[in-house]
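Peer 1: Quick one, input_8.cif (mmCIF, C-alpha atoms):
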data_model
loop_
_atom_site.label_atom_id
_atom_site.label_comp_id
_atom_site.auth_asym_id
_atom_site.auth_seq_id
_atom_site.Cartn_x
_atom_site.Cartn_y
_atom_site.Cartn_z
CA MET A 1 -23.21 155.18 -116.72
CA ILE A 2 -22.98 151.42 -116.60
CA ARG A 3 -19.43 151.64 -115.37
CA ARG A 4 -20.38 153.92 -112.54
CA TRP A 5 -23.08 151.60 -111.21
CA ARG A 6 -21.18 148.45 -112.06
CA LEU A 7 -20.98 147.11 -108.49
CA GLU A 8 -24.63 147.87 -107.78
CA LEU A 9 -25.60 145.99 -110.94
CA ILE A 10 -23.46 142.98 -110.08
CA THR A 11 -24.93 142.86 -106.58
CA ALA A 12 -28.48 143.18 -107.89
CA VAL A 13 -27.88 140.35 -110.37
CA ALA A 14 -26.37 138.20 -107.60
CA VAL A 15 -29.42 138.79 -105.40
CA LEU A 16 -31.80 137.99 -108.26
CA VAL A 17 -29.93 134.80 -109.13
CA PHE A 18 -30.00 133.83 -105.46
CA ILE A 19 -33.78 134.34 -105.31
CA ALA A 20 -34.24 132.42 -108.55
CA ILE A 21 -32.23 129.50 -107.17
CA PHE A 22 -34.36 129.55 -104.04
CA LEU A 23 -37.58 129.48 -106.07
CA ILE A 24 -36.33 126.63 -108.24
CA VAL A 25 -35.11 124.60 -105.27
CA SER A 26 -38.28 125.09 -103.26
CA ALA A 27 -40.45 124.21 -106.27
CA GLY A 28 -38.55 121.02 -106.99
CA GLY A 29 -39.28 118.82 -104.01
CA ASN A 30 -40.19 119.00 -100.38
CA HIS A 31 -37.29 120.77 -98.71
CA GLU A 32 -37.86 121.97 -95.21
CA PHE A 33 -35.24 124.73 -95.19
CA THR A 34 -34.12 123.89 -91.70
CA GLY A 35 -30.94 125.46 -90.42
CA SER A 36 -27.71 123.77 -91.43
CA ASP A 37 -26.81 123.81 -87.73
CA ASP A 38 -29.64 121.36 -87.10
CA VAL A 39 -28.67 119.25 -90.11
CA GLY A 40 -25.17 119.13 -88.62
CA SER A 41 -26.53 118.06 -85.24
CA GLN A 42 -28.50 115.26 -86.92
CA LYS A 43 -25.34 114.09 -88.65
CA ILE A 44 -23.57 113.95 -85.27
CA ALA A 45 -26.42 111.85 -83.93
CA GLU A 46 -26.10 109.57 -86.95
CA LEU A 47 -22.33 109.18 -86.59
CA THR A 48 -22.39 108.46 -82.87
CA GLY A 49 -25.55 106.39 -82.92
CA HIS A 50 -27.10 108.46 -80.12
CA PRO A 51 -30.38 110.27 -80.77
CA VAL A 52 -30.30 114.09 -81.00
CA GLU A 53 -32.27 114.40 -77.74
CA SER A 54 -29.54 112.59 -75.79
CA PHE A 55 -27.16 115.52 -76.27
CA LYS A 56 -27.76 117.56 -73.13
CA PRO A 57 -26.33 121.04 -72.76
CA LEU A 58 -23.10 121.05 -70.74
CA ILE A 59 -23.91 124.53 -69.47
CA PRO A 60 -27.62 125.24 -68.94
CA GLN A 61 -28.83 127.83 -71.39
CA TYR A 62 -31.84 129.99 -72.09
CA GLU A 63 -33.90 128.86 -75.03
CA PRO A 64 -36.45 131.13 -76.66
CA PRO A 65 -39.79 129.54 -75.73
CA SER A 66 -41.22 129.92 -79.23
CA GLY A 67 -40.32 130.69 -82.81
CA GLU A 68 -41.97 134.10 -82.43
CA ILE A 69 -39.73 135.14 -79.57
CA GLU A 70 -36.71 133.79 -81.39
CA SER A 71 -37.57 135.83 -84.47
CA THR A 72 -37.98 138.93 -82.30
CA LEU A 73 -34.50 138.49 -80.92
CA PHE A 74 -33.05 137.94 -84.37
CA ALA A 75 -34.87 141.03 -85.63
CA LEU A 76 -33.44 142.98 -82.70
CA GLN A 77 -29.96 141.79 -83.54
CA ALA A 78 -30.30 142.85 -87.17
CA SER A 79 -32.00 146.16 -86.42
CA PHE A 80 -29.29 147.04 -83.91
CA GLY A 81 -26.77 146.59 -86.69
CA GLY A 82 -28.94 148.59 -89.07
CA VAL A 83 -29.23 151.51 -86.66
CA VAL A 84 -25.47 151.69 -86.18
CA LEU A 85 -24.92 151.45 -89.94
CA GLY A 86 -27.38 154.23 -90.77
CA PHE A 87 -26.01 156.43 -88.03
CA VAL A 88 -22.39 156.13 -89.13
CA PHE A 89 -23.06 156.65 -92.83
CA GLY A 90 -25.21 159.66 -91.99
CA TYR A 91 -22.45 160.99 -89.75
CA TRP A 92 -19.87 160.59 -92.50
CA LEU A 93 -22.14 162.19 -95.07
CA GLY A 94 -22.69 165.15 -92.75
CA GLN A 95 -18.95 165.48 -92.17
CA LYS A 96 -18.27 165.41 -95.89
CA LYS A 97 -20.92 168.06 -96.61
CA SER A 98 -19.68 170.40 -93.93
CA LEU A 99 -16.11 170.13 -95.17
CA PRO A 100 -16.31 170.83 -98.87
CA GLY A 101 -13.31 170.17 -101.04
CA THR A 102 -12.17 166.96 -99.42
CA MET B 103 -21.80 127.39 -88.36
CA HIS B 104 -22.84 127.13 -84.74
CA ILE B 105 -22.04 123.96 -82.97
CA MET B 106 -25.01 123.55 -80.67
CA GLU B 107 -24.60 123.47 -76.90
CA GLY B 108 -23.92 119.92 -75.74
CA PHE B 109 -22.88 118.65 -79.15
CA LEU B 110 -19.16 118.87 -78.44
CA PRO B 111 -17.43 116.71 -75.82
CA TRP B 112 -16.10 118.87 -72.99
CA GLN B 113 -12.46 118.07 -73.80
CA TRP B 114 -12.86 119.71 -77.19
CA CYS B 115 -14.72 122.65 -75.67
CA VAL B 116 -11.67 123.29 -73.48
CA VAL B 117 -9.25 122.94 -76.39
CA TRP B 118 -11.09 125.47 -78.56
CA TRP B 119 -11.57 127.90 -75.69
CA LEU B 120 -7.82 127.77 -75.07
CA VAL B 121 -7.19 128.53 -78.73
CA ALA B 122 -9.66 131.41 -78.71
CA ILE B 123 -8.60 133.19 -75.51
CA PRO B 124 -5.22 134.58 -76.69
CA PHE B 125 -6.94 136.15 -79.70
CA LEU B 126 -9.56 137.77 -77.50
CA VAL B 127 -6.98 139.12 -75.07
CA LEU B 128 -4.79 140.56 -77.83
CA GLY B 129 -7.88 141.94 -79.54
CA ILE B 130 -9.02 143.77 -76.42
CA ILE B 131 -5.53 145.20 -75.87
CA GLU B 132 -5.38 146.36 -79.49
CA LEU B 133 -8.85 147.87 -79.27
CA ARG B 134 -8.00 149.82 -76.16
CA SER B 135 -4.78 151.26 -77.52
CA MET B 136 -6.50 152.16 -80.79
CA MET B 137 -9.32 153.95 -78.99
CA ARG B 138 -6.88 155.88 -76.86
CA LYS B 139 -4.95 156.97 -79.95
CA ASP B 140 -7.75 158.13 -82.19
CA ARG B 141 -11.52 158.21 -81.78
CA GLU B 142 -11.93 158.68 -85.53
CA TYR B 143 -11.80 154.89 -85.96
CA LEU B 144 -14.89 154.32 -83.87
CA PRO B 145 -17.47 154.87 -86.65
CA LEU B 146 -15.71 152.43 -88.99
CA LEU B 147 -15.49 149.92 -86.18
CA GLY B 148 -19.24 150.41 -85.76
CA VAL B 149 -19.87 149.71 -89.45
CA CYS B 150 -17.74 146.55 -89.40
CA GLY B 151 -19.45 145.32 -86.25
CA ALA B 152 -22.88 146.23 -87.58
CA PHE B 153 -22.34 144.05 -90.62
CA ILE B 154 -21.39 141.05 -88.55
CA PHE B 155 -24.55 141.64 -86.48
CA ILE B 156 -26.85 142.01 -89.46
CA LEU B 157 -25.46 139.29 -91.68
CA SER B 158 -25.23 136.66 -88.99
CA ALA B 159 -28.89 137.25 -88.13
CA LEU B 160 -30.02 136.52 -91.67
CA LYS B 161 -30.63 132.88 -92.26
CA LEU B 162 -30.84 132.45 -95.96
CA PRO B 163 -32.19 129.47 -97.85
CA SER B 164 -29.72 127.78 -100.11
CA VAL B 165 -29.42 125.21 -102.88
CA THR B 166 -29.36 122.22 -100.58
CA GLY B 167 -32.77 122.96 -99.13
CA SER B 168 -31.44 124.07 -95.78
CA CYS B 169 -30.72 127.49 -94.35
CA SER B 170 -27.50 129.07 -93.24
CA HIS B 171 -26.19 132.51 -92.56
CA PRO B 172 -23.31 134.60 -93.86
CA THR B 173 -20.67 135.78 -91.38
CA GLY B 174 -19.78 139.33 -92.44
CA THR B 175 -16.31 139.24 -90.94
CA GLY B 176 -14.37 140.10 -94.13
CA LEU B 177 -14.74 143.87 -93.85
CA SER B 178 -13.60 143.97 -90.25
CA VAL B 179 -10.52 141.82 -90.75
CA MET B 180 -9.29 143.99 -93.63
CA CYS B 181 -9.72 147.21 -91.69
CA PHE B 182 -8.73 146.15 -88.19
CA GLY B 183 -6.98 142.79 -88.43
CA ALA B 184 -7.73 139.40 -86.96
CA PHE B 185 -7.46 140.21 -83.25
CA ILE B 186 -10.01 142.99 -83.11
CA THR B 187 -12.30 141.00 -85.41
CA SER B 188 -12.20 138.10 -82.97
CA VAL B 189 -13.56 140.39 -80.25
CA ILE B 190 -16.42 141.74 -82.39
CA GLY B 191 -17.28 138.26 -83.68
CA GLY B 192 -17.12 136.94 -80.12
CA ILE B 193 -19.67 139.52 -78.96
CA VAL B 194 -22.14 138.46 -81.67
CA LEU B 195 -21.66 134.79 -80.86
CA LEU B 196 -22.10 135.46 -77.14
CA PHE B 197 -25.38 137.27 -77.83
CA GLN B 198 -26.63 134.33 -79.90
CA ALA B 199 -25.51 131.79 -77.33
CA LEU B 200 -27.11 133.59 -74.40
CA LEU B 201 -30.40 134.71 -75.91
CA LEU B 202 -31.08 132.57 -78.96
CA ALA B 203 -29.76 129.14 -78.00
CA HIS B 204 -27.67 129.23 -81.16
CA GLY B 205 -24.44 127.71 -80.07
CA GLY B 206 -23.77 127.67 -76.36
CA LEU B 207 -21.30 128.81 -73.75
CA SER B 208 -19.36 125.56 -73.78
CA THR B 209 -19.15 125.50 -77.58
CA LEU B 210 -18.54 129.27 -77.79
CA GLY B 211 -14.80 128.66 -77.95
CA ALA B 212 -15.16 126.36 -80.93
CA ASN B 213 -17.61 128.69 -82.64
CA MET B 214 -15.29 131.64 -82.09
CA VAL B 215 -12.37 129.71 -83.54
CA SER B 216 -14.36 129.07 -86.71
CA MET B 217 -16.31 132.29 -87.25
CA ALA B 218 -14.43 134.98 -85.37
CA ILE B 219 -10.85 133.75 -85.76
CA GLY B 220 -10.21 131.09 -88.42
CA GLY B 221 -12.42 132.48 -91.18
CA PRO B 222 -11.15 136.04 -90.70
CA LEU B 223 -7.53 134.81 -90.65
CA ALA B 224 -8.03 133.09 -93.99
CA GLY B 225 -9.61 136.27 -95.33
CA TYR B 226 -6.67 138.25 -94.02
CA ALA B 227 -4.26 135.95 -95.84
CA VAL B 228 -6.11 136.62 -99.10
CA TYR B 229 -6.03 140.33 -98.37
CA ARG B 230 -2.27 140.35 -97.79
CA LEU B 231 -1.76 138.36 -100.95
CA LEU B 232 -3.75 140.78 -103.09
CA LYS B 233 -3.03 144.05 -101.31
CA ASN B 234 0.00 145.11 -103.31
CA THR B 235 -1.12 143.76 -106.64
CA PRO B 236 -2.98 145.70 -109.35
CA VAL B 237 -6.16 143.74 -108.58
CA ASN B 238 -9.15 146.07 -108.25
CA ILE B 239 -9.80 146.81 -104.58
CA TYR B 240 -13.45 145.78 -104.81
CA VAL B 241 -12.44 142.42 -106.25
CA THR B 242 -10.11 142.06 -103.28
CA VAL B 243 -12.92 142.88 -100.85
CA PHE B 244 -15.17 140.36 -102.60
CA LEU B 245 -12.59 137.58 -102.39
CA VAL B 246 -11.59 138.32 -98.79
CA THR B 247 -15.22 138.26 -97.66
CA ALA B 248 -16.17 135.14 -99.58
CA VAL B 249 -13.10 133.25 -98.36
CA ALA B 250 -13.65 134.32 -94.73
CA ASP B 251 -17.22 133.07 -94.99
CA LEU B 252 -16.38 129.71 -96.60
CA VAL B 253 -13.38 128.93 -94.40
CA THR B 254 -15.58 129.48 -91.33
CA TYR B 255 -17.58 126.47 -92.38
CA VAL B 256 -14.52 124.46 -93.35
CA ILE B 257 -13.24 124.93 -89.80
CA THR B 258 -16.59 124.02 -88.26
CA SER B 259 -16.54 120.79 -90.28
CA PHE B 260 -13.00 120.15 -89.10
CA GLU B 261 -13.91 120.75 -85.45
CA LEU B 262 -16.83 118.36 -85.70
CA ALA B 263 -14.77 115.76 -87.55
CA LEU B 264 -12.07 115.83 -84.85
CA ALA B 265 -14.66 115.29 -82.16
CA TYR B 266 -16.64 112.70 -84.11
CA PRO B 267 -14.37 110.65 -86.37
CA ALA B 268 -16.27 108.18 -88.54
CA GLN B 269 -16.02 104.51 -87.61
CA THR B 270 -14.64 103.70 -91.03
CA GLY B 271 -12.28 106.30 -92.46
CA GLY B 272 -11.78 108.27 -89.27
CA VAL B 273 -11.41 112.03 -89.23
CA PRO B 274 -11.09 112.59 -93.02
CA ALA B 275 -14.26 110.64 -93.80
CA SER B 276 -16.16 112.44 -91.09
CA PHE B 277 -14.80 115.79 -92.32
CA THR B 278 -16.09 115.07 -95.81
CA THR B 279 -19.53 114.30 -94.41
CA PHE B 280 -19.80 117.53 -92.43
CA PHE B 281 -18.17 119.58 -95.14
CA ALA B 282 -20.73 118.32 -97.63
CA ILE B 283 -23.56 119.66 -95.44
CA PHE B 284 -22.08 123.06 -94.71
CA ALA B 285 -19.94 123.95 -97.71
CA VAL B 286 -22.43 123.30 -100.48
CA THR B 287 -25.01 125.35 -98.63
CA GLN B 288 -22.51 128.09 -98.07
CA VAL B 289 -21.05 128.69 -101.54
CA PRO B 290 -23.96 130.79 -102.88
CA LEU B 291 -24.15 132.70 -99.58
CA ALA B 292 -20.43 133.46 -99.69
CA ILE B 293 -20.73 134.86 -103.21
CA LEU B 294 -23.70 137.00 -102.25
CA GLU B 295 -21.98 138.26 -99.12
CA GLY B 296 -18.87 139.12 -101.13
CA CYS B 297 -20.92 141.26 -103.53
CA VAL B 298 -22.74 143.08 -100.75
CA LEU B 299 -19.63 143.89 -98.74
CA ALA B 300 -17.75 145.02 -101.87
CA LEU B 301 -20.63 147.42 -102.49
CA VAL B 302 -20.50 148.67 -98.91
CA PHE B 303 -16.78 149.19 -99.26
CA LYS B 304 -17.44 151.31 -102.33
CA TYR B 305 -19.66 153.59 -100.24
CA ILE B 306 -17.08 153.81 -97.47
CA VAL B 307 -14.47 154.79 -100.06
CA ALA B 308 -16.84 157.38 -101.51
CA LEU B 309 -17.69 158.94 -98.14
CA LYS B 310 -14.63 158.49 -95.97
CA PRO B 311 -11.55 157.52 -98.01
CA GLU B 312 -9.26 159.15 -95.43
CA ILE B 313 -10.01 156.51 -92.84
CA ILE B 314 -9.17 153.69 -95.24
CA LEU B 315 -5.89 155.49 -95.95
CA LYS B 316 -5.16 156.13 -92.31
CA LEU B 317 -5.59 152.47 -91.47
CA ASN B 318 -3.46 151.69 -94.50
CA VAL B 319 -6.01 149.22 -95.82
CA PHE B 320 -5.20 150.19 -99.37
CA SER B 321 -2.72 152.65 -100.86
CA GLU B 322 -3.66 156.14 -101.93
CA GLU B 323 -3.12 155.25 -105.55
CA GLN B 324 -5.41 152.20 -105.40
CA ILE B 325 -8.15 154.22 -103.76
CA SER B 326 -7.96 157.16 -106.09
CA ARG B 327 -8.00 154.83 -109.08
CA ALA B 328 -11.11 153.11 -107.75
CA ARG B 329 -12.78 156.47 -107.12
CA ARG B 330 -11.98 157.69 -110.60
CA GLN B 331 -13.58 154.58 -112.01
CA ASP B 332 -16.67 155.07 -109.86
CA GLU B 333 -17.13 158.71 -110.53
CA ALA B 334 -16.55 159.20 -114.21
CA GLU B 335 -16.71 157.46 -117.51
CA PRO B 336 -13.16 156.55 -118.27
CA SER B 337 -11.96 157.95 -121.55
CA ALA B 338 -10.33 154.76 -122.69
CA GLY B 339 -9.94 151.25 -121.42
CA GLY B 340 -8.97 151.13 -117.81
CA ARG B 341 -8.47 148.06 -115.75
CA SER B 342 -11.47 146.00 -114.89
#
Could you render the structure from this file as structure tokens?
Peer 2:
Amino acid sequence: MIRRWRLELITAVAVLVFIAIFLIVSAGGNHEFTGSDDVGSQKIAELTGHPVESFKPLIPQYEPPSGEIESTLFALQASFGGVVLGFVFGYWLGQKKSLPGT
Amino acid sequence: MHIMEGFLPWQWCVVWWLVAIPFLVLGIIELRSMMRKDREYLPLLGVCGAFIFILSALKLPSVTGSCSHPTGTGLSVMCFGAFITSVIGGIVLLFQALLLAHGGLSTLGANMVSMAIGGPLAGYAVYRLLKNTPVNIYVTVFLVTAVADLVTYVITSFELALAYPAQTGGVPASFTTFFAIFAVTQVPLAILEGCVLALVFKYIVALKPEIILKLNVFSEEQISRARRQDEAEPSAGGRS
């Protein structure tokens, strides 16, 4: 049995360890959990000696007006992927069931 | 791994766009000829694309106290190669640049070179190295995915270091600085992503092994051995 579900077990353990690390890190100090993209941008500002605000977009771009709208768009992105995933696996499962013996 | 809009001098934006464009063009040509040949590939293409969409939307907290996201390109590069992967990755990055202000149009070239081209190419190299060895196919998927993820961030660090060399130490010193931010954050994410995509690959093999065979991702013998291991208790030993 263990052999059959080996990969599932490994993945579950990896997820649990990941969560445990997160809990330990967030308990031990005041981390803000900002995106590493922003940390990178701050480093650029540090290296060049120009403040972050002085970096103006070269091409004007739309910015989500609030964190809520941004999270909606991210959720849309992920759910789009989820829909495709569920559809395809369901399609394959249906194909397999209707063609027994393969 | 996004370089934010405006954070790359325009000369470098042009350079990275020029690197990215041939990959996109070849990818689109390959996609078209594949679609004309056989529609059966479309569902698998959907799965590979879906994973890049989902995983790059998930910003996960990591050991350094900052958040980053996995890339999900490993599966796609194994099944369809680097050119087609660059197109799928490019679509995701374009979406994020246009709607989410994550990365921008001018830095899209640089971001594509790291996430949609460079990382997948490194993953592909690992795949070619391990393809004809007795290494378990799920271990291969794990390594390909993790390497594609990590190398994405190595390349981002490199791009930033080239554009912003440190005053003392130049490009290498600056590379170390950026690499320290991204790479340490990314190692746990890369491991997690490797596990998840290996698991997904197991389900693809269970449901639709013919497509993996048809694309010649792995040999028939490798796949049937993996399936035997999944489906039954082996009588004795077996490779792990």
Peer 1: Show me, as an mmCIF file with C-alpha atoms, keeping the file's coordinate frame, the residues that have an atom within 9 Å of B:Ala184 when counting all atoms listed in the file, minus same-chain residues fewer than 5 positions from it.
Peer 2:
data_model
loop_
_atom_site.group_PDB
_atom_site.id
_atom_site.type_symbol
_atom_site.label_atom_id
_atom_site.label_comp_id
_atom_site.auth_asym_id
_atom_site.auth_seq_id
_atom_site.Cartn_x
_atom_site.Cartn_y
_atom_site.Cartn_z
ATOM 1 C CA PHE B 125 -6.940 136.150 -79.700
ATOM 2 C CA GLY B 129 -7.880 141.940 -79.540
ATOM 3 C CA SER B 178 -13.600 143.970 -90.250
ATOM 4 C CA VAL B 179 -10.520 141.820 -90.750
ATOM 5 C CA VAL B 189 -13.560 140.390 -80.250
ATOM 6 C CA ALA B 218 -14.430 134.980 -85.370
ATOM 7 C CA ILE B 219 -10.850 133.750 -85.760
ATOM 8 C CA GLY B 220 -10.210 131.090 -88.420
ATOM 9 C CA PRO B 222 -11.150 136.040 -90.700
ATOM 10 C CA LEU B 223 -7.530 134.810 -90.650
ATOM 11 C CA TYR B 226 -6.670 138.250 -94.020
#
Peer 1: What separation in Å, quoted to one decimal, exists between atom CA of A:Asp38 and atom CA of B:Val246?
Peer 2: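 If I compute the distance from atom CA of A:Asp38 to atom CA of B:Val246, I get 27.4 Å.
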Peer 1: Nearest residue to B:Gly151 out of A:Leu99, A:Leu93, A:Val83, A:Ile21, using only C-alpha atoms?
Peer 2: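 Among the listed residues, A:Val83 lies closest to B:Gly151.
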Peer 1: Residue by residue, what does the PyMOL selection byres ((chain B) within 7 of (chain A)) grab here? Present the result as a PyMOL selection string.
Peer 2: chain B and resi 103-105+107-109+145+148-149+152-153+155-156+159+163-165+167-170+200-203+207-208+268+280+284+294+297-298+301+309-310+331-335
Peer 1: Interatomic distance between atom CA of B:Thr209 and atom CA of A:Gln42?
Peer 2: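 That distance, rounded to one decimal, is 16.7 Å.
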